[in-house]
$ cat upload_29.txt   # compact mmCIF, C-alpha atoms and all ligand atoms
# COMPACT_ATOMS: atom_id res chain seq x y z
CA MET A 1 -26.88 -47.80 92.22
CA THR A 2 -30.25 -47.46 90.45
CA THR A 3 -33.31 -46.81 92.60
CA ILE A 4 -36.25 -49.03 91.71
CA ILE A 5 -39.34 -46.91 92.27
CA ASP A 6 -41.83 -49.11 94.07
CA GLY A 7 -45.37 -48.20 93.02
CA THR A 8 -46.98 -51.04 94.94
CA LYS A 9 -45.52 -49.78 98.20
CA THR A 10 -46.25 -46.12 97.45
CA ALA A 11 -49.83 -46.96 96.47
CA GLN A 12 -50.21 -48.71 99.82
CA THR A 13 -48.91 -45.58 101.55
CA VAL A 14 -51.43 -43.43 99.65
CA ARG A 15 -54.30 -45.78 100.51
CA GLY A 16 -53.22 -45.68 104.16
CA GLU A 17 -53.28 -41.88 104.12
CA VAL A 18 -56.69 -41.84 102.47
CA ALA A 19 -58.07 -44.38 104.96
CA LYS A 20 -56.88 -42.23 107.84
CA ALA A 21 -58.31 -39.04 106.31
CA VAL A 22 -61.64 -40.75 105.54
CA ALA A 23 -61.94 -42.12 109.09
CA GLN A 24 -61.32 -38.72 110.63
CA PHE A 25 -63.59 -36.94 108.16
CA THR A 26 -66.43 -39.39 108.73
CA GLN A 27 -66.07 -39.06 112.48
CA GLU A 28 -66.27 -35.27 112.26
CA THR A 29 -69.03 -34.96 109.67
CA SER A 30 -70.89 -38.31 109.71
CA VAL A 31 -70.42 -38.28 105.92
CA ARG A 32 -68.73 -41.16 104.12
CA PRO A 33 -67.22 -40.49 100.72
CA GLY A 34 -69.05 -42.34 97.96
CA LEU A 35 -67.78 -43.49 94.57
CA ALA A 36 -70.20 -44.63 91.85
CA VAL A 37 -68.57 -47.15 89.55
CA VAL A 38 -70.30 -47.60 86.20
CA LEU A 39 -69.45 -50.57 84.00
CA VAL A 40 -71.14 -51.21 80.67
CA GLY A 41 -70.80 -54.58 78.96
CA GLU A 42 -68.90 -57.77 79.59
CA ASP A 43 -65.25 -56.94 78.85
CA PRO A 44 -63.35 -59.23 81.26
CA ALA A 45 -60.45 -56.79 81.77
CA SER A 46 -62.91 -53.99 82.63
CA HIS A 47 -64.73 -56.28 85.08
CA SER A 48 -61.49 -57.09 86.81
CA TYR A 49 -60.42 -53.38 87.00
CA VAL A 50 -63.80 -52.45 88.46
CA SER A 51 -63.63 -55.22 91.07
CA MET A 52 -60.17 -54.03 92.12
CA LYS A 53 -61.41 -50.44 92.44
CA GLU A 54 -64.31 -51.61 94.59
CA ARG A 55 -61.89 -53.54 96.81
CA ASP A 56 -59.79 -50.39 97.18
CA CYS A 57 -62.93 -48.49 98.25
CA ASP A 58 -63.59 -51.11 100.96
CA GLU A 59 -60.03 -50.85 102.18
CA VAL A 60 -60.07 -47.05 102.62
CA GLY A 61 -63.65 -46.69 103.87
CA ILE A 62 -65.19 -45.22 100.73
CA VAL A 63 -68.70 -46.47 99.90
CA SER A 64 -68.84 -47.86 96.37
CA PHE A 65 -72.08 -47.83 94.40
CA ASP A 66 -71.92 -50.50 91.77
CA HIS A 67 -73.76 -49.93 88.45
CA ARG A 68 -73.22 -52.82 86.03
CA LEU A 69 -75.15 -52.29 82.82
CA SER A 70 -75.74 -54.58 79.89
CA GLU A 71 -73.85 -54.34 76.60
CA THR A 72 -77.06 -53.08 74.94
CA THR A 73 -77.40 -50.01 77.18
CA THR A 74 -78.29 -46.99 75.05
CA GLN A 75 -76.70 -43.55 75.18
CA ASP A 76 -79.93 -42.13 76.60
CA GLU A 77 -79.98 -44.72 79.38
CA LEU A 78 -76.36 -44.06 80.29
CA ASN A 79 -76.92 -40.29 80.16
CA ALA A 80 -79.91 -40.70 82.51
CA LEU A 81 -77.79 -42.71 84.97
CA ILE A 82 -75.06 -40.03 84.94
CA ASP A 83 -77.69 -37.33 85.56
CA MET A 84 -79.04 -39.33 88.50
CA LEU A 85 -75.55 -39.82 89.98
CA ASN A 86 -74.74 -36.13 89.46
CA ALA A 87 -77.79 -35.27 91.58
CA ASP A 88 -77.14 -37.87 94.31
CA ASP A 89 -75.60 -36.30 97.44
CA LYS A 90 -74.19 -39.65 98.58
CA VAL A 91 -72.10 -39.88 95.41
CA HIS A 92 -68.98 -37.69 95.47
CA GLY A 93 -67.14 -39.33 92.61
CA ILE A 94 -68.29 -40.98 89.38
CA LEU A 95 -66.12 -43.39 87.49
CA VAL A 96 -67.25 -44.71 84.13
CA GLN A 97 -64.97 -47.61 83.20
CA MET A 98 -63.51 -47.14 79.71
CA PRO A 99 -63.57 -48.32 77.01
CA LEU A 100 -67.33 -48.18 76.49
CA PRO A 101 -68.96 -50.39 73.84
CA ASN A 102 -68.55 -48.85 70.37
CA HIS A 103 -72.12 -47.57 70.06
CA LEU A 104 -71.66 -45.27 73.07
CA ASP A 105 -70.02 -41.85 72.85
CA GLU A 106 -67.27 -41.72 75.50
CA GLU A 107 -66.58 -38.00 75.10
CA GLN A 108 -70.25 -37.17 75.61
CA ILE A 109 -70.31 -39.23 78.82
CA ILE A 110 -67.09 -37.68 80.17
CA ALA A 111 -68.50 -34.19 79.54
CA ARG A 112 -71.82 -35.09 81.19
CA ILE A 113 -70.27 -35.98 84.55
CA ALA A 114 -70.44 -33.02 86.94
CA PRO A 115 -66.86 -31.65 86.97
CA GLU A 116 -66.69 -31.76 90.78
CA LYS A 117 -67.52 -35.50 90.67
CA ASP A 118 -65.10 -36.26 87.82
CA VAL A 119 -62.56 -38.17 89.92
CA ASP A 120 -60.83 -39.42 86.77
CA GLY A 121 -59.94 -35.82 85.94
CA PHE A 122 -60.92 -36.23 82.28
CA HIS A 123 -63.70 -33.61 82.06
CA PRO A 124 -62.83 -30.72 79.70
CA TYR A 125 -63.42 -28.26 82.55
CA ASN A 126 -60.96 -30.06 84.83
CA MET A 127 -58.40 -30.38 82.04
CA GLY A 128 -58.83 -26.63 81.48
CA CYS A 129 -58.16 -26.05 85.18
CA LEU A 130 -54.95 -28.07 84.89
CA LEU A 131 -53.94 -26.00 81.86
CA ARG A 132 -54.61 -22.82 83.82
CA GLY A 133 -52.87 -24.09 86.98
CA GLU A 134 -56.07 -24.06 89.04
CA PRO A 135 -57.13 -26.72 91.56
CA ALA A 136 -59.39 -29.48 90.22
CA PRO A 137 -59.35 -33.29 90.18
CA ARG A 138 -56.21 -34.36 88.31
CA ALA A 139 -56.04 -37.38 85.97
CA CYS A 140 -55.09 -40.33 88.15
CA THR A 141 -52.21 -41.87 86.17
CA PRO A 142 -50.08 -38.76 85.67
CA TRP A 143 -51.04 -37.59 89.18
CA GLY A 144 -49.74 -40.91 90.47
CA VAL A 145 -46.48 -40.34 88.61
CA MET A 146 -46.09 -36.98 90.35
CA ARG A 147 -46.66 -38.66 93.69
CA LEU A 148 -44.00 -41.27 92.90
CA LEU A 149 -41.49 -38.51 92.07
CA ASP A 150 -42.30 -36.80 95.37
CA GLU A 151 -42.17 -40.02 97.36
CA TYR A 152 -38.65 -40.64 96.11
CA ASP A 153 -37.56 -36.99 96.59
CA ILE A 154 -36.91 -36.57 92.89
CA GLU A 155 -36.52 -32.89 92.11
CA VAL A 156 -38.72 -31.74 89.23
CA ALA A 157 -38.15 -27.98 89.21
CA GLY A 158 -35.43 -26.94 86.82
CA THR A 159 -35.15 -30.33 85.13
CA HIS A 160 -35.79 -31.11 81.49
CA ALA A 161 -38.69 -33.56 81.37
CA VAL A 162 -39.54 -35.38 78.16
CA VAL A 163 -42.93 -37.07 77.84
CA ILE A 164 -43.46 -39.57 75.01
CA GLY A 165 -47.19 -39.61 74.22
CA ARG A 166 -49.81 -36.88 73.94
CA SER A 167 -53.07 -38.61 74.87
CA ASN A 168 -55.67 -36.73 76.90
CA ILE A 169 -55.51 -39.28 79.71
CA VAL A 170 -51.75 -39.54 80.16
CA GLY A 171 -49.32 -37.63 77.93
CA LYS A 172 -50.86 -34.14 77.86
CA PRO A 173 -51.86 -33.96 81.54
CA GLN A 174 -48.48 -35.44 82.51
CA ALA A 175 -46.66 -32.71 80.59
CA LEU A 176 -48.82 -30.02 82.22
CA MET A 177 -48.25 -31.42 85.72
CA LEU A 178 -44.49 -31.45 85.16
CA LEU A 179 -44.71 -27.88 83.82
CA GLU A 180 -46.78 -26.88 86.86
CA ARG A 181 -43.87 -28.11 88.96
CA ASN A 182 -41.40 -25.98 86.98
CA ALA A 183 -39.82 -28.57 84.71
CA THR A 184 -38.96 -27.54 81.17
CA VAL A 185 -41.12 -29.94 79.22
CA THR A 186 -40.88 -31.50 75.77
CA ILE A 187 -43.81 -33.56 74.46
CA CYS A 188 -43.01 -36.22 71.85
CA HIS A 189 -45.33 -38.28 69.67
CA SER A 190 -45.37 -40.48 66.60
CA ARG A 191 -44.27 -37.63 64.32
CA THR A 192 -41.28 -36.54 66.41
CA PRO A 193 -38.10 -36.87 64.32
CA ASP A 194 -35.15 -38.66 65.94
CA LEU A 195 -37.04 -39.57 69.08
CA PRO A 196 -34.04 -41.22 70.82
CA ALA A 197 -32.00 -38.01 70.49
CA VAL A 198 -34.81 -35.89 71.99
CA CYS A 199 -35.28 -38.39 74.82
CA ARG A 200 -31.55 -38.40 75.57
CA GLU A 201 -31.95 -34.74 76.59
CA ALA A 202 -34.27 -35.77 79.42
CA ASP A 203 -33.48 -35.62 83.11
CA ILE A 204 -36.91 -37.15 83.64
CA LEU A 205 -38.24 -39.36 80.84
CA VAL A 206 -41.88 -40.47 80.92
CA ALA A 207 -42.94 -43.13 78.39
CA ALA A 208 -46.70 -43.33 77.72
CA VAL A 209 -46.77 -44.88 74.28
CA GLY A 210 -48.27 -48.35 74.30
CA ARG A 211 -45.36 -50.04 72.47
CA PRO A 212 -43.67 -52.90 74.31
CA ALA A 213 -40.06 -52.17 75.29
CA MET A 214 -39.70 -49.38 72.69
CA VAL A 215 -37.50 -47.24 74.93
CA ASP A 216 -34.07 -48.85 74.94
CA ALA A 217 -30.73 -47.60 76.26
CA SER A 218 -30.27 -45.31 73.23
CA TYR A 219 -33.17 -43.15 74.55
CA VAL A 220 -31.75 -42.63 78.01
CA LYS A 221 -29.14 -40.19 79.29
CA GLU A 222 -26.86 -41.57 81.99
CA GLY A 223 -28.46 -40.77 85.35
CA ALA A 224 -31.95 -39.97 84.03
CA VAL A 225 -35.13 -40.83 85.93
CA VAL A 226 -37.23 -43.17 83.78
CA ILE A 227 -40.97 -43.51 84.36
CA ASP A 228 -42.73 -46.24 82.42
CA VAL A 229 -46.49 -45.70 82.13
CA GLY A 230 -46.94 -48.36 79.45
CA ILE A 231 -48.95 -51.48 80.09
CA ASN A 232 -48.72 -53.94 77.22
CA ARG A 233 -49.85 -57.53 77.31
CA THR A 234 -47.59 -59.98 75.47
CA GLU A 235 -48.90 -63.00 73.57
CA ALA A 236 -47.77 -65.11 76.52
CA GLY A 237 -50.10 -63.04 78.73
CA THR A 238 -47.42 -61.22 80.72
CA LEU A 239 -47.33 -57.45 81.21
CA VAL A 240 -44.49 -55.37 79.83
CA GLY A 241 -43.96 -51.64 79.81
CA ASP A 242 -42.88 -49.24 77.08
CA VAL A 243 -39.34 -49.35 78.48
CA ASP A 244 -36.87 -52.18 77.97
CA PHE A 245 -36.20 -52.40 81.70
CA ALA A 246 -33.21 -54.74 81.50
CA ALA A 247 -31.49 -52.56 78.89
CA VAL A 248 -32.21 -49.23 80.59
CA GLU A 249 -31.91 -49.99 84.30
CA ALA A 250 -28.13 -49.59 84.53
CA ARG A 251 -28.18 -46.13 82.84
CA ALA A 252 -31.02 -44.71 84.93
CA SER A 253 -30.66 -43.18 88.39
CA ALA A 254 -34.23 -44.30 89.15
CA ILE A 255 -36.76 -46.34 87.19
CA THR A 256 -40.28 -47.73 87.58
CA PRO A 257 -40.81 -51.43 86.87
CA VAL A 258 -43.83 -52.90 85.05
CA PRO A 259 -45.77 -54.31 86.77
CA GLY A 260 -45.46 -52.68 90.17
CA GLY A 261 -44.60 -49.14 89.09
CA VAL A 262 -47.12 -46.60 87.82
CA GLY A 263 -50.02 -49.08 87.50
CA PRO A 264 -50.91 -49.42 91.20
CA MET A 265 -50.68 -45.64 91.64
CA THR A 266 -53.56 -44.97 89.24
CA ARG A 267 -56.03 -46.79 91.50
CA ALA A 268 -54.60 -45.24 94.65
CA MET A 269 -54.97 -41.71 93.25
CA LEU A 270 -58.58 -42.50 92.36
CA MET A 271 -59.21 -43.12 96.07
CA SER A 272 -57.42 -39.91 96.94
CA ASN A 273 -59.41 -37.91 94.35
CA THR A 274 -62.69 -39.36 95.66
CA TYR A 275 -61.88 -38.37 99.23
CA GLU A 276 -60.86 -34.87 98.05
CA ALA A 277 -64.08 -34.52 96.03
CA CYS A 278 -66.11 -35.41 99.12
CA ALA A 279 -64.21 -33.05 101.40
CA THR A 280 -64.57 -30.24 98.85
CA ALA A 281 -68.30 -30.91 98.49
CA GLN A 282 -68.79 -30.79 102.26
CA GLY A 283 -66.67 -27.67 102.58
CA SER A 284 -68.75 -25.85 100.02
CA ALA A 285 -72.13 -27.20 101.22
P1 LIG A 301 -52.65 -43.64 73.32
O1 LIG A 301 -52.61 -44.71 72.29
O2 LIG A 301 -53.87 -42.82 73.49
O3 LIG A 301 -51.42 -42.62 73.04
C1 LIG A 301 -50.17 -43.11 72.70
C2 LIG A 301 -49.26 -41.95 72.38
O4 LIG A 301 -48.01 -42.48 71.99
C3 LIG A 301 -49.76 -41.10 71.21
O5 LIG A 301 -49.61 -39.73 71.51
C4 LIG A 301 -48.86 -41.51 70.05
O6 LIG A 301 -48.55 -40.47 69.16
C5 LIG A 301 -47.59 -41.90 70.76
N1 LIG A 301 -46.84 -42.88 69.98
C6 LIG A 301 -47.30 -44.03 69.44
N2 LIG A 301 -46.30 -44.65 68.77
C7 LIG A 301 -45.21 -43.86 68.89
C8 LIG A 301 -43.90 -43.94 68.41
N3 LIG A 301 -43.47 -44.98 67.67
N4 LIG A 301 -43.05 -42.95 68.71
C9 LIG A 301 -43.44 -41.91 69.46
N5 LIG A 301 -44.69 -41.76 69.97
C10 LIG A 301 -45.56 -42.73 69.67
O7 LIG A 301 -52.23 -44.34 74.68
P2 LIG A 301 -52.47 -43.89 76.20
O8 LIG A 301 -51.86 -42.57 76.45
O9 LIG A 301 -53.86 -44.13 76.59
O10 LIG A 301 -51.60 -45.03 76.94
C11 LIG A 301 -50.21 -45.13 76.74
C12 LIG A 301 -49.72 -46.36 77.47
O11 LIG A 301 -49.97 -46.19 78.87
C13 LIG A 301 -50.43 -47.68 77.09
O12 LIG A 301 -49.50 -48.72 77.19
C14 LIG A 301 -51.49 -47.82 78.16
O13 LIG A 301 -51.86 -49.16 78.38
C15 LIG A 301 -50.76 -47.27 79.35
N6 LIG A 301 -51.62 -46.75 80.39
C16 LIG A 301 -51.31 -47.09 81.66
C17 LIG A 301 -52.05 -46.64 82.71
C18 LIG A 301 -51.64 -47.03 84.08
O14 LIG A 301 -52.47 -47.06 84.97
N7 LIG A 301 -50.35 -47.30 84.31
C19 LIG A 301 -53.24 -45.82 82.51
C20 LIG A 301 -53.44 -45.43 81.13
C21 LIG A 301 -52.66 -45.90 80.12
P3 LIG A 301 -49.65 -39.77 68.20
O15 LIG A 301 -50.45 -38.86 69.10
O16 LIG A 301 -48.84 -39.04 67.20
O17 LIG A 301 -50.48 -40.89 67.63
$ encode --input "upload_29.txt" --output "structure tokens"
Amino acid sequence: MTTIIDGTKTAQTVRGEVAKAVAQFTQETSVRPGLAVVLVGEDPASHSYVSMKERDCDEVGIVSFDHRLSETTTQDELNALIDMLNADDKVHGILVQMPLPNHLDEEQIIARIAPEKDVDGFHPYNMGCLLRGEPAPRACTPWGVMRLLDEYDIEVAGTHAVVIGRSNIVGKPQALMLLERNATVTICHSRTPDLPAVCREADILVAAVGRPAMVDASYVKEGAVVIDVGINRTEAGTLVGDVDFAAVEARASAITPVPGGVGPMTRAMLMSNTYEACATAQGSA
């Protein structure tokens, strides 16, 4: 019997925990965690993501500071806003919604955010901490995957985990988080020969590729745990993952659906990271 890993329910659990922690923290310290959300331009998908993140803030008691900037915002203007938010004591987390318009340098912006306010976990310093096994905000999507594995009591230590994808926001941090938890980790990418054979070695298979339904039954060992990070929009407007769910479900011992798997966890872990950033800032004040 395959376990369907329910990200919507687990994300709700995480938000409930954060709401409780925020309420208690605010009662004890009179400080409310604050998240600055920066959105540049008019991309409709980005607008909808930002609105959902602001709703999540409301739900858990985090104050959101909304900064919607025009498409013509210059690098200097955006840098100045980041500097202001870095210096603002009411702001504990800064989220710059990606992608930015083409004329803006995303890497420069990520590196400009104060590492302790980088609740996305993308800053080179925080990625270095992950590499070194030191505490720091962790990238929300792979961090959400780890929480899903824990929520479903899926043992990581001693397993062979295979991650398809090596991006800085998902694949690489995912591999490091699995390594941190004592998995033996293989990272695959577009130049990996015989990808299905490598993936069939996996006890835990994480697909973070961006190719609809690429992972079919030939990639999956009987009884493997299959985590689908992919979010791909079909021409019909529906969302599909990187895993061919119907083909793989029967072989897997546990599997995340798309939608309703990893996706909701990313936003929930952002709330958790913002609370943690606030608590850390207060602790060190
Ligand atoms: P990127 O495009 O940055 O990285 C994709 C990775 O997949 C690359 O490392 C690439 O290899 C590898 N790849 C591409 N094609 C193949 C192939 N045929 N065989 C093997 N490897 C391949 O994507 P992201 O990491 O940003 O995102 C991956 C997916 O996750 C997307 O669908 C995205 O929408 C989704 N996503 C979901 C999130 C969520 O909240 N659930 C959050 C972020 C992303 P190479 O390096 O060699 O080019």
$ residues_around --input "upload_29.txt" --residues "Arg191 in chain A" --least-positions-apart "6" --cutoff "12 Å" --atoms "all atoms listed in the file" --output "number ranges by chain"
A: 164-166
$ residues_near_ligand --input "upload_29.txt" --ligand "ligand LIG 301 (chain A)" --cutoff "8 Å" --atoms "all atoms listed in the file" --output "short mmCIF file (atom, residue, chain, number, x, y, z; two decimals) with C-alpha atoms, in the frame of the given file"
data_model
loop_
_atom_site.label_atom_id
_atom_site.label_comp_id
_atom_site.auth_asym_id
_atom_site.auth_seq_id
_atom_site.Cartn_x
_atom_site.Cartn_y
_atom_site.Cartn_z
CA CYS A 140 -55.09 -40.33 88.15
CA THR A 141 -52.21 -41.87 86.17
CA ILE A 164 -43.46 -39.57 75.01
CA GLY A 165 -47.19 -39.61 74.22
CA ARG A 166 -49.81 -36.88 73.94
CA SER A 167 -53.07 -38.61 74.87
CA ASN A 168 -55.67 -36.73 76.90
CA ILE A 169 -55.51 -39.28 79.71
CA VAL A 170 -51.75 -39.54 80.16
CA GLY A 171 -49.32 -37.63 77.93
CA CYS A 188 -43.01 -36.22 71.85
CA HIS A 189 -45.33 -38.28 69.67
CA SER A 190 -45.37 -40.48 66.60
CA ARG A 191 -44.27 -37.63 64.32
CA THR A 192 -41.28 -36.54 66.41
CA LEU A 195 -37.04 -39.57 69.08
CA ALA A 207 -42.94 -43.13 78.39
CA ALA A 208 -46.70 -43.33 77.72
CA VAL A 209 -46.77 -44.88 74.28
CA GLY A 210 -48.27 -48.35 74.30
CA ARG A 211 -45.36 -50.04 72.47
CA PRO A 212 -43.67 -52.90 74.31
CA MET A 214 -39.70 -49.38 72.69
CA ASP A 228 -42.73 -46.24 82.42
CA VAL A 229 -46.49 -45.70 82.13
CA GLY A 230 -46.94 -48.36 79.45
CA ILE A 231 -48.95 -51.48 80.09
CA ASN A 232 -48.72 -53.94 77.22
CA GLY A 241 -43.96 -51.64 79.81
CA ASP A 242 -42.88 -49.24 77.08
CA GLY A 261 -44.60 -49.14 89.09
CA VAL A 262 -47.12 -46.60 87.82
CA GLY A 263 -50.02 -49.08 87.50
CA PRO A 264 -50.91 -49.42 91.20
CA MET A 265 -50.68 -45.64 91.64
CA THR A 266 -53.56 -44.97 89.24
CA ARG A 267 -56.03 -46.79 91.50
#
$ atom_distance --input "upload_29.txt" --atom1 "CA of Gly16 in chain A" --atom2 "CA of Met146 in chain A"
17.8 Å
$ residues_around --input "upload_29.txt" --residues "Ala114 in chain A" --least-positions-apart "2" --cutoff "9 Å" --atoms "only C-alpha atoms" --output "list of chain:residue names"
A:Ile82, A:Asp83, A:Asn86, A:Ala87, A:Ile94, A:Ile110, A:Ala111, A:Arg112, A:Glu116, A:Lys117, A:Asp118, A:His123
$ closest_residue --input "upload_29.txt" --among "A:Val50, A:Leu69, A:Ala254, A:Val206" --to "Asp153 in chain A" --atoms "all atoms listed in the file"
A:Ala254
$ residues_around --input "upload_29.txt" --residues "Ser218 in chain A" --least-positions-apart "2" --cutoff "9 Å" --atoms "all atoms listed in the file" --output "PDB file with C-alpha atoms, in the frame of the given file"
ATOM      1  CA  PRO A 196     -34.040 -41.220  70.820  1.00  0.00           C
ATOM      2  CA  ALA A 197     -32.000 -38.010  70.490  1.00  0.00           C
ATOM      3  CA  CYS A 199     -35.280 -38.390  74.820  1.00  0.00           C
ATOM      4  CA  ARG A 200     -31.550 -38.400  75.570  1.00  0.00           C
ATOM      5  CA  VAL A 215     -37.500 -47.240  74.930  1.00  0.00           C
ATOM      6  CA  ASP A 216     -34.070 -48.850  74.940  1.00  0.00           C
ATOM      7  CA  VAL A 220     -31.750 -42.630  78.010  1.00  0.00           C
ATOM      8  CA  LYS A 221     -29.140 -40.190  79.290  1.00  0.00           C
ATOM      9  CA  VAL A 248     -32.210 -49.230  80.590  1.00  0.00           C
TER      10      VAL A 248
END
$ closest_residue --input "upload_29.txt" --among "A:Ile113, A:Val18, A:Ala23, A:Met177" --to "Pro135 in chain A" --atoms "all atoms listed in the file"
A:Met177
$ closest_residue --input "upload_29.txt" --among "A:Glu54, A:Glu106, A:Glu59, A:Glu235" --to "Leu35 in chain A" --atoms "all atoms listed in the file"
A:Glu54
$ closest_residue --input "upload_29.txt" --among "A:Glu17, A:Asp66, A:Asp105, A:Glu276" --to "Leu85 in chain A" --atoms "only C-alpha atoms"
A:Asp66
$ atom_distance --input "upload_29.txt" --atom1 "CA of Thr256 in chain A" --atom2 "CA of Gly223 in chain A"
13.9 Å
$ atom_distance --input "upload_29.txt" --atom1 "CA of Pro115 in chain A" --atom2 "CA of Ser51 in chain A"
24.1 Å
